[in-house]
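**Student:** Once you've had a glance at the structure underneath, I'll fire off some questions.
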Amino acid sequence: MRSGAALVAALILSGCVSAPSPFSAGPKVAKLPISGDAATRALAAFRLSCPALLRRTDGSGLSADWSRVCAEAATATDPRPFFVKRFETVRVGDGKAFVTGYYEPEIAGSRVQAPGYGVPVYARPPDSPDPLPDRAAIDDGALAGKGLEIAWAADPVELFFLQIQGSGRLALPDGPVMRIGYAGQNGYPYTAIGALMRERGLIVPGQLSMQSIMAWLRAHPEEGHALMRENRSYVFFRELTGDGPVGALSVAVTPRTTVAADPAFTPLGAPVFLSLDNAGASGLWVAQDTGGAIKGANRFDAFWGAGNEARTIAGGLSARGQAWVLAPKGSLKRARHAPPAR
């Protein structure tokens with residue numbers, strides 16, 4: 001699942017890339033308020049992530065050796081003591097975290113074009129030396145009739161926001177659900193329509209959220225259509241099978257456990273502890289995904305699952321606080337003695 005842009009932040013910000021950050025020691029893992037349930041979910045997610053974590057080249061500079069803890073995770077039966085005994089906390093830079101939320105949206109759709117289902121959901125076009133069209137051109141039919149339609153949505157606003165999330169579910173007319181996932185993007189930079197609305201005074205300052213943006217787009221259909229076209233970026237999809245939405249590690253992401261992170265600062269697959277001004281988003285998470293708006297040290301996007309509750313939580317989440325990466329004991333010493341990256 002591509003945390004393609006983090007709801008409010010993706011709608012408001014383009015995201016800033018921080019300079020490479022040094023590492024320092026955080027609090028002892030034993031002193032962190034990790035609940036038994038959170039530790040159980042995190043251990044299960046960490047187990048799933050370990051094969052990819054061991055295969056990937058870590059771009060964060062942490063230089064951790066994950067092989068031993070991954071081997072022990074496979075048979076660990078007491079989740080919290082496992083993290084307490086085998087991990088240390090590492091602060092990246094100043095540790096100041098900014099966290100938003102994402103979810104798996106479910107919108108009305110159909111596998112075939114039918115009355116009430118007229119918005120195409122496109123697969124990625126075959127590779128070509130020619131640039132792909134932008135959103136406006138695609139809306140105007142640049143890809144129509146090329147056999148790229150994998151489904152049809154009922155509502156262009158809902159599909160627009162599903163593209164921001166990067167994956168989701170289509171509730172089909174006859175009852176089943178079709179899962180679709182991120183298959184690529186047309187190459188144009190993402191433009192945050194929330195930022196445009198704020199700059200133009202279209203929405204009350206301090207009340208910018210996914211819900212308020214959607215409400216404005218529906219109340220002003222012509223202006224809203226034009227506004228969405230100003231975001232030239234366009235996301236393509238593929239049909240997904242198997243369990244849950246899939247993250248950047250090619251494993252299913254877990255509600256209230258998975259966060260998207262910037263792999264230049266956080267090893268994908270690593271546990272992360274967040275201490276935030278939002279108690280519901282604080283706790284132990286696992287970095288299993290990435291996102292177009294998730295850039296920089298201590299920038300995270302928390303996954304909340306599917307359904308109305310997940311949509312409400314994710315759409316309103318904008319939390320700040322401290323973050324620590326949980327790395328195998330000895331990782332901080334290794335990082336300090338590692339040769340500088342070239």
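We label chains A, B, ... in the order they appear in the structure tokens, count residues from 1 in each chain, and number ligands from 1 in the order shown.
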Can you list, as an MDAnalysis selection string, every residue of region 89-286 of chain A that DSSP puts in helix (DSSP H, G or I)?
**Tutor:** chainID A and resid 135:139 156:165 193:199 210:219 221:229 279:281
**Student:** For Ala137 (chain A), list every protein, DNA or RNA residue within 12 Å, evaluated using only C-alpha atoms, and leave out those in the same chain fewer than 4 positions away; present the list as a ChimeraX atom specification.
**Tutor:** /A:132-133,141-144,186,229-234
**Student:** Residues as selected, all heavy atoms, written as a compact mmCIF listing (two decimals), in the first residue's frame, can you do that?
**Tutor:**
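For reference, selection25.txt as written:
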```
# COMPACT_ATOMS: atom_id res chain seq x y z
N LEU A 132 3.91 10.44 -20.07
CA LEU A 132 2.52 10.12 -19.82
C LEU A 132 1.71 11.42 -19.69
O LEU A 132 2.25 12.46 -19.30
CB LEU A 132 2.39 9.30 -18.53
CG LEU A 132 2.93 7.87 -18.60
CD1 LEU A 132 2.98 7.24 -17.22
CD2 LEU A 132 2.07 7.03 -19.53
N PRO A 133 0.43 11.39 -20.00
CA PRO A 133 -0.39 12.60 -19.89
C PRO A 133 -0.61 12.98 -18.43
O PRO A 133 -0.47 12.16 -17.52
CB PRO A 133 -1.70 12.19 -20.57
CG PRO A 133 -1.72 10.71 -20.49
CD PRO A 133 -0.31 10.25 -20.56
N GLY A 141 -9.79 12.13 -21.51
CA GLY A 141 -9.87 10.94 -22.36
C GLY A 141 -8.59 10.50 -23.03
O GLY A 141 -8.63 9.67 -23.94
N ALA A 142 -7.43 11.00 -22.57
CA ALA A 142 -6.17 10.67 -23.24
C ALA A 142 -5.86 9.17 -23.21
O ALA A 142 -5.15 8.66 -24.09
CB ALA A 142 -5.01 11.45 -22.61
N LEU A 143 -6.38 8.46 -22.20
CA LEU A 143 -6.11 7.03 -22.10
C LEU A 143 -7.32 6.17 -22.43
O LEU A 143 -7.26 4.93 -22.36
CB LEU A 143 -5.61 6.68 -20.68
CG LEU A 143 -4.32 7.35 -20.23
CD1 LEU A 143 -3.96 6.90 -18.82
CD2 LEU A 143 -3.17 7.03 -21.19
N ALA A 144 -8.42 6.81 -22.80
CA ALA A 144 -9.66 6.07 -23.07
C ALA A 144 -9.50 5.16 -24.28
O ALA A 144 -8.82 5.49 -25.26
CB ALA A 144 -10.80 7.05 -23.30
N ASN A 186 2.16 9.00 -12.99
CA ASN A 186 2.44 9.52 -14.33
C ASN A 186 3.68 10.40 -14.42
O ASN A 186 4.00 10.89 -15.51
CB ASN A 186 1.23 10.28 -14.86
CG ASN A 186 0.89 11.51 -14.03
OD1 ASN A 186 1.39 11.69 -12.92
ND2 ASN A 186 0.02 12.35 -14.57
N ARG A 229 -7.92 19.16 -11.04
CA ARG A 229 -7.09 19.08 -12.24
C ARG A 229 -5.76 19.81 -12.09
O ARG A 229 -4.81 19.55 -12.83
CB ARG A 229 -7.86 19.62 -13.45
CG ARG A 229 -8.97 18.69 -13.92
CD ARG A 229 -9.97 19.41 -14.81
NE ARG A 229 -9.45 19.79 -16.11
CZ ARG A 229 -9.61 19.11 -17.24
NH1 ARG A 229 -10.27 17.96 -17.23
NH2 ARG A 229 -9.14 19.55 -18.38
N GLU A 230 -5.70 20.74 -11.12
CA GLU A 230 -4.43 21.44 -10.88
C GLU A 230 -3.38 20.52 -10.27
O GLU A 230 -2.19 20.82 -10.31
CB GLU A 230 -4.66 22.65 -9.99
CG GLU A 230 -5.46 23.75 -10.66
CD GLU A 230 -5.46 25.04 -9.87
OE1 GLU A 230 -4.36 25.54 -9.53
OE2 GLU A 230 -6.56 25.55 -9.57
N ASN A 231 -3.82 19.42 -9.67
CA ASN A 231 -2.88 18.38 -9.25
C ASN A 231 -2.62 17.48 -10.45
O ASN A 231 -3.39 16.57 -10.76
CB ASN A 231 -3.47 17.56 -8.09
CG ASN A 231 -2.56 16.39 -7.73
OD1 ASN A 231 -1.36 16.43 -7.96
ND2 ASN A 231 -3.15 15.36 -7.16
N ARG A 232 -1.54 17.73 -11.15
CA ARG A 232 -1.26 17.04 -12.41
C ARG A 232 -0.86 15.57 -12.19
O ARG A 232 -0.90 14.77 -13.13
CB ARG A 232 -0.17 17.77 -13.19
CG ARG A 232 -0.54 19.22 -13.53
CD ARG A 232 0.56 19.92 -14.30
NE ARG A 232 0.66 19.42 -15.66
CZ ARG A 232 1.65 19.70 -16.49
NH1 ARG A 232 2.67 20.47 -16.08
NH2 ARG A 232 1.66 19.22 -17.71
N SER A 233 -0.49 15.24 -10.97
CA SER A 233 -0.11 13.86 -10.65
C SER A 233 -1.32 12.94 -10.77
O SER A 233 -2.43 13.29 -10.38
CB SER A 233 0.45 13.81 -9.23
OG SER A 233 0.69 12.48 -8.84
N TYR A 234 -1.08 11.74 -11.29
CA TYR A 234 -2.16 10.77 -11.47
C TYR A 234 -1.63 9.39 -11.11
O TYR A 234 -0.55 8.99 -11.55
CB TYR A 234 -2.65 10.77 -12.92
CG TYR A 234 -3.98 10.09 -13.13
CD1 TYR A 234 -5.17 10.80 -13.10
CD2 TYR A 234 -4.05 8.71 -13.34
CE1 TYR A 234 -6.40 10.18 -13.29
CE2 TYR A 234 -5.27 8.08 -13.53
CZ TYR A 234 -6.44 8.82 -13.50
OH TYR A 234 -7.65 8.20 -13.67
```
**Student:** Can you measure CA of Lys85 (chain A) to CA of Lys28 (chain A) for me? One decimal in Å is fine.
**Tutor:**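 CA of Lys28 (chain A) lies 10.0 Å from CA of Lys85 (chain A).
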**Student:** Which residue out of A:Ser318, A:Thr258, A:Ser60, A:Thr75 has the minimum interatomic distance to Leu208 (chain A) when only C-alpha atoms are used?
**Tutor:**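 Among A:Ser318, A:Thr258, A:Ser60, A:Thr75, it is A:Ser318 that comes nearest to Leu208 (chain A).
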**Student:** Contacts of Arg238 (chain A) at 6 Å or less, counting only C-alpha atoms, minus same-chain residues fewer than 5 places along, as a list in words?
**Tutor:**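 Everything that qualifies: Ala123, Ile180, Gly181 and Ala183 of chain A.
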**Student:** List every residue of region 157-236 of chain A that has an atom at most 10 Å from any atom of region 288-300 of chain A, giving for each one its closest atom pair and the distance in Å to one decimal, counting only C-alpha atoms, sorted by chain and then by ascending residue number, as JSON lines.
**Tutor:**
```
{"residue": "A:Ile164", "atom": "CA", "partner": "A:Gly292", "partner_atom": "CA", "distance": 9.2}
{"residue": "A:Gln165", "atom": "CA", "partner": "A:Gly291", "partner_atom": "CA", "distance": 8.9}
{"residue": "A:Gly166", "atom": "CA", "partner": "A:Gly291", "partner_atom": "CA", "distance": 8.7}
{"residue": "A:Pro189", "atom": "CA", "partner": "A:Gly292", "partner_atom": "CA", "distance": 9.5}
{"residue": "A:Tyr190", "atom": "CA", "partner": "A:Gly292", "partner_atom": "CA", "distance": 8.2}
{"residue": "A:Ala192", "atom": "CA", "partner": "A:Ala293", "partner_atom": "CA", "distance": 9.9}
```
**Student:** Using DSSP on the backbone coordinates, identify all residues within region 74-186 of chain A classified as strand (DSSP E); present the result as a ChimeraX atom specification.
**Tutor:** /A:87-92,96-104,106-110,119-122,149-153,167-171,177-185
**Student:** Convert the current residue selection to file output with C-alpha atoms, as a PDB file, in the first residue's frame.
**Tutor:**
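Below is the file that was written, again-v1.pdb:
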```
ATOM      1  CA  PHE A  87      16.469  -3.650  21.313  1.00  0.00           C
ATOM      2  CA  GLU A  88      17.768  -0.194  22.100  1.00  0.00           C
ATOM      3  CA  THR A  89      16.202   3.125  21.143  1.00  0.00           C
ATOM      4  CA  VAL A  90      17.922   5.393  18.634  1.00  0.00           C
ATOM      5  CA  ARG A  91      17.023   9.039  18.165  1.00  0.00           C
ATOM      6  CA  VAL A  92      17.380  10.305  14.597  1.00  0.00           C
ATOM      7  CA  LYS A  96      10.963  15.646  16.731  1.00  0.00           C
ATOM      8  CA  ALA A  97       8.200  13.705  15.005  1.00  0.00           C
ATOM      9  CA  PHE A  98       5.311  14.745  12.795  1.00  0.00           C
ATOM     10  CA  VAL A  99       2.695  12.052  12.260  1.00  0.00           C
ATOM     11  CA  THR A 100      -0.354  11.949  10.020  1.00  0.00           C
ATOM     12  CA  GLY A 101      -2.675   9.069   9.177  1.00  0.00           C
ATOM     13  CA  TYR A 102      -3.800   7.004   6.217  1.00  0.00           C
ATOM     14  CA  TYR A 103      -6.386   4.317   5.723  1.00  0.00           C
ATOM     15  CA  GLU A 104      -7.769   1.898   3.139  1.00  0.00           C
ATOM     16  CA  GLU A 106     -13.739   1.824   0.241  1.00  0.00           C
ATOM     17  CA  ILE A 107     -15.688   3.447  -2.563  1.00  0.00           C
ATOM     18  CA  ALA A 108     -18.454   2.360  -4.914  1.00  0.00           C
ATOM     19  CA  GLY A 109     -17.155   0.764  -8.094  1.00  0.00           C
ATOM     20  CA  SER A 110     -17.809  -1.738 -10.848  1.00  0.00           C
ATOM     21  CA  VAL A 119     -15.095   7.183 -13.796  1.00  0.00           C
ATOM     22  CA  PRO A 120     -12.326   4.937 -15.169  1.00  0.00           C
ATOM     23  CA  VAL A 121      -9.764   3.335 -12.886  1.00  0.00           C
ATOM     24  CA  TYR A 122      -6.663   2.911 -15.025  1.00  0.00           C
ATOM     25  CA  GLU A 149      -9.583   0.321 -17.566  1.00  0.00           C
ATOM     26  CA  ILE A 150      -9.490  -2.237 -14.738  1.00  0.00           C
ATOM     27  CA  ALA A 151     -12.662  -0.902 -13.090  1.00  0.00           C
ATOM     28  CA  TRP A 152     -15.044   2.041 -12.968  1.00  0.00           C
ATOM     29  CA  ALA A 153     -15.752   4.255  -9.958  1.00  0.00           C
ATOM     30  CA  SER A 167      -4.788   1.736  -2.603  1.00  0.00           C
ATOM     31  CA  GLY A 168      -8.277   0.835  -1.481  1.00  0.00           C
ATOM     32  CA  ARG A 169     -11.399  -1.215  -2.038  1.00  0.00           C
ATOM     33  CA  LEU A 170     -14.117  -0.990  -4.645  1.00  0.00           C
ATOM     34  CA  ALA A 171     -17.511  -2.092  -3.321  1.00  0.00           C
ATOM     35  CA  VAL A 177     -15.103  -6.154  -2.839  1.00  0.00           C
ATOM     36  CA  MET A 178     -12.320  -5.602  -5.375  1.00  0.00           C
ATOM     37  CA  ARG A 179      -8.997  -4.543  -3.881  1.00  0.00           C
ATOM     38  CA  ILE A 180      -6.792  -2.244  -5.921  1.00  0.00           C
ATOM     39  CA  GLY A 181      -3.229  -1.165  -5.191  1.00  0.00           C
ATOM     40  CA  TYR A 182      -0.668   1.345  -6.364  1.00  0.00           C
ATOM     41  CA  ALA A 183       0.849   0.446  -9.746  1.00  0.00           C
ATOM     42  CA  GLY A 184       2.671   3.635 -10.607  1.00  0.00           C
ATOM     43  CA  GLN A 185       2.309   7.335 -11.241  1.00  0.00           C
TER      44      GLN A 185
END
```
**Student:** Nearest to Ala136 (chain A) among A:Ala287, A:Met228, A:Leu43, A:Ala323, with distances taken over only C-alpha atoms: which residue is it?
**Tutor:**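 Looking only at the distances to Ala136 (chain A), the closest residue turns out to be A:Met228.
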